[in-house]
Amino acid sequence: MAETEAAGAPALGEEGAELAVVIGATVPTGFELTAAEEVQEKLGSAARISRDRGKIYFEVPARGLPQVHRLRSVDNLFVVVQEFKDYQFKENKEDALKDLEDLVKKLPWTDPLKVWELNNSLKKKKTKRKKHNLQSTASKEKLNDSGEEEGTDQKHDSKQEDCAQNSAGREPANSQDTEETEGVASQNGEEEEDNEQSDAKDELQEGSGSETKASDSKTSEGKAKVLKFRVTCNRAGDKHCFTSNEAARDFGGAVQEHFQWKADMTNFDVEVLLNIHNNEVVVGIALTEESLHRRNITHFGPTTLRSTLAYGMLRLCDPQPTDIIVDPMCGTCAIPIEGATEWPSCYHIAGDNNPQAVKRAANNICSLLKKNEDKESSTSVGIPLDIIQWDICNLPLRTGSVDIIVTDMPFGKRVGSKKKNWDLYPACLTEMGRICTPGTGRAVLLTQDKKCFAKALSRMGHIWRKAQTVWVNVGGLHAAVYLLKRTWERAEEKRSFW
């Protein structure tokens, strides 16, 4: 085998006009297969799961970029410049870093930079449409000024194995297991209009230039604009003689020399990604400025679940039309909102015992309704979702009336305590078993308190049977998603209080 084995480099299509590109996507760890299934289902492309957990790769025509941004299971997207499946690093640090520097001149940058330009043009068109919609609904907003506080994401950052940039700045575009602390702006591929695919075709026909076009972009004054860039390196493995910071620094220096771009830690135009996992090296260009998992939530709580993880949990229980899906501990409503958006033929019920959580959830539902109004303009059909304040141990639902239960259970860290979980978990499983349909009902439950959950489940074996466990990373915590199947055992009927 040669010193390096290259794979996944983008190439022109057979006729030379249709650009085919390899897209890399970061996804919630544990749900790589779910993401690959969604790509096959919605894009018709076979996705390859990386040896580096939390990443998948798939090939699409460049005109399909709008559809790629609409995927529900992916956090961040990047276009692959080149992939080396068996890169042989030198044992000496200086030699290894020199090889990375020399690699920059050999990489096929032209087509990936075309895709980056196309992606930027689509984002600009989407921004223009959003501004137009905001202006057209300005009068409605004045009449409907409720004075609600803007929510903030209180989630804290978790440590990466080894992650660095050649200039420090915002979190890396492919840090799939990192919870963010920045604001609540959301980049949602779903907001894109149907005509974006034709926009992509137009841009491809107009922008047939090479990498020099990216470096020769014009400002409004007509002067050549020097692009600003950053290199982000994510490294995993214990056999490297250099740190990710050193790799990002030297690789970034070579990129700067090759393109004559200007390094900038925060206000960059291009983010070059250098992903190193043992002997696997992938060079890419980021297509998302912030994670797509922020698409639904505007009012955040202390434990807001990522929309991408919510999608994975929902897909695990295979919702069918007319199913009644309940999240009895909904928090900010991440799971029900994702469910109502992707499975509108089901009926979704969200509830929580905390009045502040219910208020946040209601605000998030209102934001979604407003977003739908902006998209549909004159016609708005609403969403199949209701929010209720209730007691998880005494749900106001009929016995056997619910098809699916999907919820993020208290970890006992930021909310509640592990001591309380020893009483809460058995009571929750009992009440969930009561409302869930015997024989066909199922539950998907996320928890980090695995010991307590296992003990509670062992006491509920007559009601619940564990069918599958998916290990996930939630904000740096090693958690588990359990798929439970409801047995045919009849649950005890709720006693009347009258």
# chains A, B, ... in the order shown; residues from 1 in each chain; ligands from 1

$ residues_around --residues "Val21 (chain A)" --least-positions-apart "6" --cutoff "12 Å" --atoms "only C-alpha atoms" --output "count of residues only"
33

$ select_by_dssp --residues "region 331-372 of chain A" --states "helix (DSSP H, G or I)" --output "ChimeraX atom specification"
/A:334-342,355-372

$ closest_residue --among "A:Gly30, A:Gly382, A:Asn363, A:Arg51" --to "Thr341 (chain A)" --atoms "only C-alpha atoms"
A:Gly382

$ closest_residue --among "A:Trp471, A:Tyr482, A:Phe453, A:Trp488" --to "Cys436 (chain A)" --atoms "only C-alpha atoms"
A:Trp488

$ atom_distance --atom1 "CA of Cys393 (chain A)" --atom2 "CA of Cys428 (chain A)"
5.8 Å

$ atom_distance --atom1 "CA of Arg70 (chain A)" --atom2 "CA of Ala357 (chain A)"
27.6 Å

$ residues_around --residues "Ile276 (chain A)" --least-positions-apart "6" --cutoff "9 Å" --atoms "only C-alpha atoms" --output "MDAnalysis selection string"
chainID A and resid 52 233:237 244 282:283

$ residues_around --residues "Leu71 (chain A)" --least-positions-apart "2" --cutoff "12 Å" --atoms "only C-alpha atoms" --output "PDB file with N, CA and C atoms, in the first residue's frame"
ATOM      1  N   ALA A  25     -20.751  14.922   7.720  1.00  0.00           N
ATOM      2  CA  ALA A  25     -21.721  15.435   8.691  1.00  0.00           C
ATOM      3  C   ALA A  25     -21.398  14.895  10.073  1.00  0.00           C
ATOM      4  N   THR A  26     -21.447  15.765  11.065  1.00  0.00           N
ATOM      5  CA  THR A  26     -21.339  15.298  12.444  1.00  0.00           C
ATOM      6  C   THR A  26     -22.751  15.035  12.956  1.00  0.00           C
ATOM      7  N   VAL A  27     -22.914  13.960  13.685  1.00  0.00           N
ATOM      8  CA  VAL A  27     -24.221  13.534  14.181  1.00  0.00           C
ATOM      9  C   VAL A  27     -24.075  13.135  15.651  1.00  0.00           C
ATOM     10  N   THR A  34     -28.791   5.818  12.308  1.00  0.00           N
ATOM     11  CA  THR A  34     -30.041   6.556  12.093  1.00  0.00           C
ATOM     12  C   THR A  34     -29.846   7.652  11.062  1.00  0.00           C
ATOM     13  N   ALA A  35     -28.731   8.389  11.190  1.00  0.00           N
ATOM     14  CA  ALA A  35     -28.431   9.466  10.238  1.00  0.00           C
ATOM     15  C   ALA A  35     -28.206   8.910   8.833  1.00  0.00           C
ATOM     16  N   ALA A  36     -27.489   7.782   8.751  1.00  0.00           N
ATOM     17  CA  ALA A  36     -27.236   7.161   7.444  1.00  0.00           C
ATOM     18  C   ALA A  36     -28.547   6.727   6.792  1.00  0.00           C
ATOM     19  N   GLU A  37     -29.466   6.204   7.585  1.00  0.00           N
ATOM     20  CA  GLU A  37     -30.778   5.792   7.058  1.00  0.00           C
ATOM     21  C   GLU A  37     -31.560   6.999   6.541  1.00  0.00           C
ATOM     22  N   GLU A  38     -31.472   8.125   7.257  1.00  0.00           N
ATOM     23  CA  GLU A  38     -32.182   9.332   6.818  1.00  0.00           C
ATOM     24  C   GLU A  38     -31.607   9.852   5.497  1.00  0.00           C
ATOM     25  N   VAL A  39     -30.280   9.823   5.363  1.00  0.00           N
ATOM     26  CA  VAL A  39     -29.644  10.262   4.117  1.00  0.00           C
ATOM     27  C   VAL A  39     -30.101   9.398   2.943  1.00  0.00           C
ATOM     28  N   GLN A  40     -30.139   8.094   3.143  1.00  0.00           N
ATOM     29  CA  GLN A  40     -30.587   7.171   2.093  1.00  0.00           C
ATOM     30  C   GLN A  40     -32.049   7.434   1.732  1.00  0.00           C
ATOM     31  N   GLU A  41     -32.853   7.655   2.753  1.00  0.00           N
ATOM     32  CA  GLU A  41     -34.289   7.841   2.568  1.00  0.00           C
ATOM     33  C   GLU A  41     -34.619   9.162   1.871  1.00  0.00           C
ATOM     34  N   LYS A  42     -33.930  10.249   2.254  1.00  0.00           N
ATOM     35  CA  LYS A  42     -34.307  11.571   1.761  1.00  0.00           C
ATOM     36  C   LYS A  42     -33.468  12.056   0.581  1.00  0.00           C
ATOM     37  N   LEU A  43     -32.230  11.581   0.488  1.00  0.00           N
ATOM     38  CA  LEU A  43     -31.352  12.036  -0.585  1.00  0.00           C
ATOM     39  C   LEU A  43     -31.039  10.950  -1.598  1.00  0.00           C
ATOM     40  N   GLY A  64     -28.053  19.628  -4.740  1.00  0.00           N
ATOM     41  CA  GLY A  64     -28.832  19.070  -3.632  1.00  0.00           C
ATOM     42  C   GLY A  64     -28.489  19.651  -2.271  1.00  0.00           C
ATOM     43  N   LEU A  65     -27.658  20.713  -2.225  1.00  0.00           N
ATOM     44  CA  LEU A  65     -27.266  21.302  -0.939  1.00  0.00           C
ATOM     45  C   LEU A  65     -28.451  21.744  -0.074  1.00  0.00           C
ATOM     46  N   PRO A  66     -29.484  22.372  -0.643  1.00  0.00           N
ATOM     47  CA  PRO A  66     -30.626  22.749   0.203  1.00  0.00           C
ATOM     48  C   PRO A  66     -31.244  21.553   0.925  1.00  0.00           C
ATOM     49  N   GLN A  67     -31.352  20.421   0.222  1.00  0.00           N
ATOM     50  CA  GLN A  67     -31.909  19.219   0.858  1.00  0.00           C
ATOM     51  C   GLN A  67     -30.983  18.696   1.959  1.00  0.00           C
ATOM     52  N   VAL A  68     -29.685  18.842   1.760  1.00  0.00           N
ATOM     53  CA  VAL A  68     -28.725  18.400   2.780  1.00  0.00           C
ATOM     54  C   VAL A  68     -28.927  19.194   4.063  1.00  0.00           C
ATOM     55  N   HIS A  69     -29.153  20.499   3.924  1.00  0.00           N
ATOM     56  CA  HIS A  69     -29.362  21.350   5.102  1.00  0.00           C
ATOM     57  C   HIS A  69     -30.676  21.045   5.810  1.00  0.00           C
ATOM     58  N   SER A  73     -31.068  14.852  11.316  1.00  0.00           N
ATOM     59  CA  SER A  73     -30.203  14.095  12.237  1.00  0.00           C
ATOM     60  C   SER A  73     -28.774  14.611  12.293  1.00  0.00           C
ATOM     61  N   VAL A  74     -28.436  15.650  11.503  1.00  0.00           N
ATOM     62  CA  VAL A  74     -27.049  16.105  11.446  1.00  0.00           C
ATOM     63  C   VAL A  74     -26.871  17.411  12.205  1.00  0.00           C
ATOM     64  N   ASP A  75     -25.739  17.525  12.890  1.00  0.00           N
ATOM     65  CA  ASP A  75     -25.420  18.731  13.650  1.00  0.00           C
ATOM     66  C   ASP A  75     -24.697  19.756  12.786  1.00  0.00           C
ATOM     67  N   ASN A  76     -23.598  19.336  12.161  1.00  0.00           N
ATOM     68  CA  ASN A  76     -22.791  20.234  11.340  1.00  0.00           C
ATOM     69  C   ASN A  76     -22.440  19.562  10.021  1.00  0.00           C
ATOM     70  N   LEU A  77     -22.217  20.393   8.999  1.00  0.00           N
ATOM     71  CA  LEU A  77     -21.914  19.895   7.662  1.00  0.00           C
ATOM     72  C   LEU A  77     -20.602  20.487   7.158  1.00  0.00           C
ATOM     73  N   ASN A 188     -31.830  26.910  10.266  1.00  0.00           N
ATOM     74  CA  ASN A 188     -32.688  25.767   9.981  1.00  0.00           C
ATOM     75  C   ASN A 188     -32.839  25.587   8.491  1.00  0.00           C
ATOM     76  N   GLY A 189     -32.325  24.455   7.986  1.00  0.00           N
ATOM     77  CA  GLY A 189     -32.448  24.175   6.561  1.00  0.00           C
ATOM     78  C   GLY A 189     -33.890  24.113   6.123  1.00  0.00           C
ATOM     79  N   GLU A 190     -34.794  23.827   7.109  1.00  0.00           N
ATOM     80  CA  GLU A 190     -36.187  23.688   6.733  1.00  0.00           C
ATOM     81  C   GLU A 190     -36.785  25.017   6.290  1.00  0.00           C
ATOM     82  N   GLU A 191     -36.175  26.155   6.686  1.00  0.00           N
ATOM     83  CA  GLU A 191     -36.709  27.448   6.321  1.00  0.00           C
ATOM     84  C   GLU A 191     -36.517  27.744   4.841  1.00  0.00           C
ATOM     85  N   LEU A 292     -26.823  22.786  13.324  1.00  0.00           N
ATOM     86  CA  LEU A 292     -28.217  22.722  12.883  1.00  0.00           C
ATOM     87  C   LEU A 292     -29.151  22.248  13.991  1.00  0.00           C
ATOM     88  N   HIS A 293     -28.586  21.730  15.099  1.00  0.00           N
ATOM     89  CA  HIS A 293     -29.464  21.235  16.165  1.00  0.00           C
ATOM     90  C   HIS A 293     -30.182  22.375  16.890  1.00  0.00           C
ATOM     91  N   ARG A 295     -32.159  24.447  15.567  1.00  0.00           N
ATOM     92  CA  ARG A 295     -33.159  24.935  14.615  1.00  0.00           C
ATOM     93  C   ARG A 295     -34.512  25.264  15.232  1.00  0.00           C
ATOM     94  N   SER A 307     -31.997  19.135  19.147  1.00  0.00           N
ATOM     95  CA  SER A 307     -33.049  18.675  18.225  1.00  0.00           C
ATOM     96  C   SER A 307     -32.621  17.429  17.454  1.00  0.00           C
ATOM     97  N   THR A 308     -31.320  17.335  17.144  1.00  0.00           N
ATOM     98  CA  THR A 308     -30.833  16.172  16.402  1.00  0.00           C
ATOM     99  C   THR A 308     -30.929  14.891  17.235  1.00  0.00           C
ATOM    100  N   TYR A 311     -34.579  13.925  17.381  1.00  0.00           N
ATOM    101  CA  TYR A 311     -34.982  13.243  16.151  1.00  0.00           C
ATOM    102  C   TYR A 311     -34.559  11.776  16.191  1.00  0.00           C
ATOM    103  N   GLY A 312     -33.336  11.514  16.627  1.00  0.00           N
ATOM    104  CA  GLY A 312     -32.851  10.135  16.710  1.00  0.00           C
ATOM    105  C   GLY A 312     -33.697   9.290  17.639  1.00  0.00           C
ATOM    106  N   GLU A 342     -41.606  16.710  12.063  1.00  0.00           N
ATOM    107  CA  GLU A 342     -41.219  15.619  11.162  1.00  0.00           C
ATOM    108  C   GLU A 342     -42.316  14.564  11.005  1.00  0.00           C
TER     109      GLU A 342
END

$ closest_residue --among "A:Val270, A:Val444, A:Ile349, A:Leu484" --to "Met409 (chain A)" --atoms "only C-alpha atoms"
A:Val444

$ residues_around --residues "Glu94 (chain A)" --least-positions-apart "4" --cutoff "12 Å" --atoms "only C-alpha atoms" --output "tab-separated table (two decimals) with N, CA and C atoms, in the first residue's frame"
chain	number	residue	atom	x	y	z
A	89	PHE	N	1.86	8.91	9.61
A	89	PHE	CA	2.53	10.04	10.24
A	89	PHE	C	3.98	9.69	10.56
A	90	LYS	N	4.87	10.66	10.36
A	90	LYS	CA	6.27	10.47	10.73
A	90	LYS	C	6.38	10.44	12.25
A	98	LYS	N	5.72	19.01	9.09
A	98	LYS	CA	6.15	19.46	7.75
A	98	LYS	C	5.34	18.74	6.67
A	99	ASP	N	5.04	17.46	6.88
A	99	ASP	CA	4.22	16.71	5.93
A	99	ASP	C	2.82	17.32	5.81
A	100	LEU	N	2.26	17.74	6.96
A	100	LEU	CA	0.93	18.37	6.93
A	100	LEU	C	0.99	19.69	6.17
A	101	GLU	N	2.07	20.45	6.36
A	101	GLU	CA	2.24	21.69	5.62
A	101	GLU	C	2.30	21.43	4.12
A	240	HIS	N	0.08	10.10	18.14
A	240	HIS	CA	0.57	11.26	17.42
A	240	HIS	C	1.63	11.98	18.25
A	241	CYS	N	2.66	12.47	17.58
A	241	CYS	CA	3.75	13.15	18.28
A	241	CYS	C	3.54	14.66	18.34
A	242	PHE	N	2.34	15.12	17.99
A	242	PHE	CA	2.04	16.54	17.99
A	242	PHE	C	0.66	16.75	18.60
A	243	THR	N	0.39	17.98	19.00
A	243	THR	CA	-0.93	18.31	19.54
A	243	THR	C	-1.81	18.85	18.42
A	246	GLU	N	-0.76	22.41	17.56
A	246	GLU	CA	0.42	22.49	16.68
A	246	GLU	C	0.04	22.16	15.24
A	247	ALA	N	-0.82	21.14	15.05
A	247	ALA	CA	-1.25	20.77	13.71
A	247	ALA	C	-2.04	21.91	13.05
A	250	ASP	N	0.45	24.90	12.10
A	250	ASP	CA	1.31	24.69	10.93
A	250	ASP	C	0.51	24.50	9.64

$ closest_residue --among "A:Gly351, A:Phe84, A:Lys105, A:Pro28" --to "Glu257 (chain A)" --atoms "only C-alpha atoms"
A:Lys105

$ select_by_dssp --residues "region 273-318 of chain A" --states "strand (DSSP E)" --output "MDAnalysis selection string"
chainID A and resid 273:277 280:286

$ residues_around --residues "region 401-405 of chain A" --least-positions-apart "6" --cutoff "8 Å" --atoms "only C-alpha atoms" --output "MDAnalysis selection string"
chainID A and resid 317 319 323:328 432 435:437 440:445

$ write_last_selection --atoms "N, CA and C atoms" --output "mmCIF file, in the first residue's frame"
data_model
loop_
_atom_site.group_PDB
_atom_site.id
_atom_site.type_symbol
_atom_site.label_atom_id
_atom_site.label_comp_id
_atom_site.auth_asym_id
_atom_site.auth_seq_id
_atom_site.Cartn_x
_atom_site.Cartn_y
_atom_site.Cartn_z
ATOM 1 N N CYS A 317 -38.342 4.854 17.755
ATOM 2 C CA CYS A 317 -39.621 4.205 18.109
ATOM 3 C C CYS A 317 -40.563 4.083 16.917
ATOM 4 N N PRO A 319 -42.534 6.028 14.640
ATOM 5 C CA PRO A 319 -43.913 6.539 14.706
ATOM 6 C C PRO A 319 -44.693 6.226 13.435
ATOM 7 N N ASP A 323 -50.542 7.828 15.463
ATOM 8 C CA ASP A 323 -50.007 7.498 16.788
ATOM 9 C C ASP A 323 -50.128 8.704 17.722
ATOM 10 N N ILE A 324 -50.430 8.428 18.974
ATOM 11 C CA ILE A 324 -50.416 9.462 20.005
ATOM 12 C C ILE A 324 -49.076 9.353 20.729
ATOM 13 N N ILE A 325 -48.277 10.439 20.678
ATOM 14 C CA ILE A 325 -46.923 10.433 21.223
ATOM 15 C C ILE A 325 -46.852 11.434 22.370
ATOM 16 N N VAL A 326 -46.406 10.970 23.521
ATOM 17 C CA VAL A 326 -46.386 11.797 24.730
ATOM 18 C C VAL A 326 -44.960 11.956 25.244
ATOM 19 N N ASP A 327 -44.617 13.196 25.605
ATOM 20 C CA ASP A 327 -43.389 13.472 26.351
ATOM 21 C C ASP A 327 -43.813 14.002 27.715
ATOM 22 N N PRO A 328 -43.801 13.151 28.751
ATOM 23 C CA PRO A 328 -44.327 13.566 30.056
ATOM 24 C C PRO A 328 -43.402 14.475 30.852
ATOM 25 N N MET A 432 -46.090 5.436 33.227
ATOM 26 C CA MET A 432 -45.946 5.295 31.777
ATOM 27 C C MET A 432 -46.532 3.972 31.298
ATOM 28 N N ILE A 435 -50.443 4.246 31.030
ATOM 29 C CA ILE A 435 -51.048 4.974 29.908
ATOM 30 C C ILE A 435 -50.686 4.377 28.549
ATOM 31 N N CYS A 436 -49.635 3.537 28.499
ATOM 32 C CA CYS A 436 -49.165 2.997 27.224
ATOM 33 C C CYS A 436 -49.975 1.762 26.809
ATOM 34 N N THR A 437 -50.254 1.635 25.507
ATOM 35 C CA THR A 437 -51.069 0.538 24.986
ATOM 36 C C THR A 437 -50.366 -0.810 25.170
ATOM 37 N N THR A 440 -48.459 -3.242 21.993
ATOM 38 C CA THR A 440 -47.916 -2.472 20.867
ATOM 39 C C THR A 440 -47.218 -1.182 21.296
ATOM 40 N N GLY A 441 -47.447 -0.725 22.501
ATOM 41 C CA GLY A 441 -46.861 0.527 22.970
ATOM 42 C C GLY A 441 -45.357 0.414 23.135
ATOM 43 N N ARG A 442 -44.671 1.534 23.001
ATOM 44 C CA ARG A 442 -43.230 1.540 23.213
ATOM 45 C C ARG A 442 -42.812 2.870 23.833
ATOM 46 N N ALA A 443 -41.638 2.841 24.451
ATOM 47 C CA ALA A 443 -41.097 4.041 25.099
ATOM 48 C C ALA A 443 -39.623 4.166 24.752
ATOM 49 N N VAL A 444 -39.190 5.395 24.506
ATOM 50 C CA VAL A 444 -37.768 5.684 24.298
ATOM 51 C C VAL A 444 -37.365 6.694 25.356
ATOM 52 N N LEU A 445 -36.478 6.276 26.244
ATOM 53 C CA LEU A 445 -36.122 7.077 27.406
ATOM 54 C C LEU A 445 -34.626 7.325 27.447
#

$ atom_distance --atom1 "CA of Ser291 (chain A)" --atom2 "CA of Arg306 (chain A)"
9.7 Å

$ closest_residue --among "A:Arg230, A:Lys451, A:His277, A:Lys239" --to "Lys262 (chain A)" --atoms "only C-alpha atoms"
A:Arg230
